[in-house]
Amino acid sequence: MARNVLVIGYARSGAAVARLLINEGATVTVSDPQLDLEDSRVIALQDKGVTFTTEQGNDLLENVDVIVKNPGIPYSAPILAEALRRGIPTEVEVVEAQKYITGNWIAITGSNGKTTTTEMVAAVMRSVANEQHKVVVAGNIGTPVSEVAPSLTAEDTLITELSSFQLWDMPTAHPHFAVVTNIFASHLNWHADRQEYIDAKMNITKNQTADDYLLMNWDTEEWRELAQRSQAQIIPISREANSKDGAYEQDGVLYFRDEAVMQADQLGVPGEHNIENALVAIAIGRLNGVPVKLISDVLEHFSGVEHRLQFVREYAGRQIYNDSKATDIEATQKALSGFKTPVVLLAGGLERGDELQRLAPDFKQHVRALVTFGQTGSRLAKIADEIGLPNVAVESAQTAFATAFDLSEAGDVILLSPAAASWDQFPNFETRGALFVKSVEDFIKAKEQ
């Protein structure tokens, strides 16, 4: 009997799962108050039999067998609260897609670093891919799993980045390789408390068996204890060499078990956090038989994920980086800690009342000069003045590079790492980063004419 499925939240994942479900013969209704019913993609799915509505009343729940919701929609939403009261099962689109996954499934989660880790792992795995063995990346990173899973074969590798929002509604997830990069307090405005957040993350290994692998950050006692929940083979990941049973760093060398893979300072992206990410890629690569030389070559030339401490280029002896994703203080502190040479920092953005004074020690240790912009620019400039750090205010991240170049010297790093959200001047951090990169290219082109 055909299932009656209600999809709550359209976006890309909603469209992908609606398409998958209608192809399976389900009766599908998509509900989203923000729907544009004149959109050509909506009309194309309507022609296939999908019903669309901007309403979200409880009458939509009549005769519904299952709800597929956008991961970011909280259960406090009235229609979901009522569905919970009625006992209607709720899931995310990955659950509908996972029955198509027959090959090597690598699933990655964590509070920080999961996107960079996912891309590093993908780069390593692609180094041995061919026409018979594809490597596909999907999930929270952009492409919905249900968009790609039906076309995969048992010979292919699927690498998914999964958020806590997705994992909370994925009680049946069973990846062959599960990765937990770290677990900090995060998204507590969505999860009821930290324990619920942890439980969501650990769903990634809930159904694993002794034939599977759990790669777990081994550098806190809490994370080591959490690993004991798993029935999988535990592969420790340790920048502090707390275990040598997996991948670890010791004396500046990255190892897998007793095998040296590469020097830590050979990594194409700076920062201690990227060493942790690289250790995951090394472990998964070696467990999948990728030769050490290929792994080291890939990681040496890995330039980062766009807008996440992304290496833009070198010019006139300056190394230029785009870290527009650094929308909070901690992210900028982490970025600065990755450099051993002086940094000309470009920072500023949306005013949220953050304790920017916490950046003062990082400025003292790493920053040669500061270029400020946006709503927080004046507060950052005041901190710089207090510690005697040269600083210049400019209009925005888009106009900051020329000033930064003038303040820099050969051998310096020029780093966009705003320590603030972008919404005061840009629609998102991606736009901010892209315009910064374009301004770098335009500046260099003008200089070389």
# chains A, B, ... in the order shown; residues from 1 in each chain; ligands from 1

$ residues_around --residues "A:Gln319" --least-positions-apart "5" --cutoff "9 Å" --atoms "only C-alpha atoms" --output "list in words"
Phe311, Val312, Arg313, Glu314, Ala410, Gly411, Asp412, Val413, Ile414 and Leu415 of chain A

$ select_by_dssp --residues "stretch 152-217 of chain A" --states "strand (DSSP E)" --output "list in words"
Thr157, Leu158, Ile159, Thr160, Glu161, Phe177, Ala178, Val179, Val180, Tyr213, Leu214, Leu215, Met216 and Asn217 of chain A

$ residues_around --residues "stretch 431-438 of chain A" --least-positions-apart "6" --cutoff "12 Å" --atoms "only C-alpha atoms" --output "PyMOL selection string"
chain A and resi 305-313+320-327+346-349+373-374+396-402+404+414-418+420-425+444-445

$ residues_around --residues "A:Phe177" --least-positions-apart "5" --cutoff "8 Å" --atoms "only C-alpha atoms" --output "list of chain:residue names"
A:Trp105, A:Ile106, A:Ala107, A:Asp212, A:Tyr213, A:Leu214, A:Leu215, A:Ile284

$ select_by_dssp --residues "stretch 160-333 of chain A" --states "alpha helix (DSSP H)" --output "NGL selection string"
:A and (164-168 or 194-202 or 221-227 or 272-287 or 292-300 or 329-333)

$ residues_around --residues "A:Val95" --least-positions-apart "3" --cutoff "9 Å" --atoms "only C-alpha atoms" --output "list in words"
Val68, Glu91, Val92, Gln98, Lys99, Ser146, Asp169, Met170, Pro171, Thr172 and Ala173 of chain A
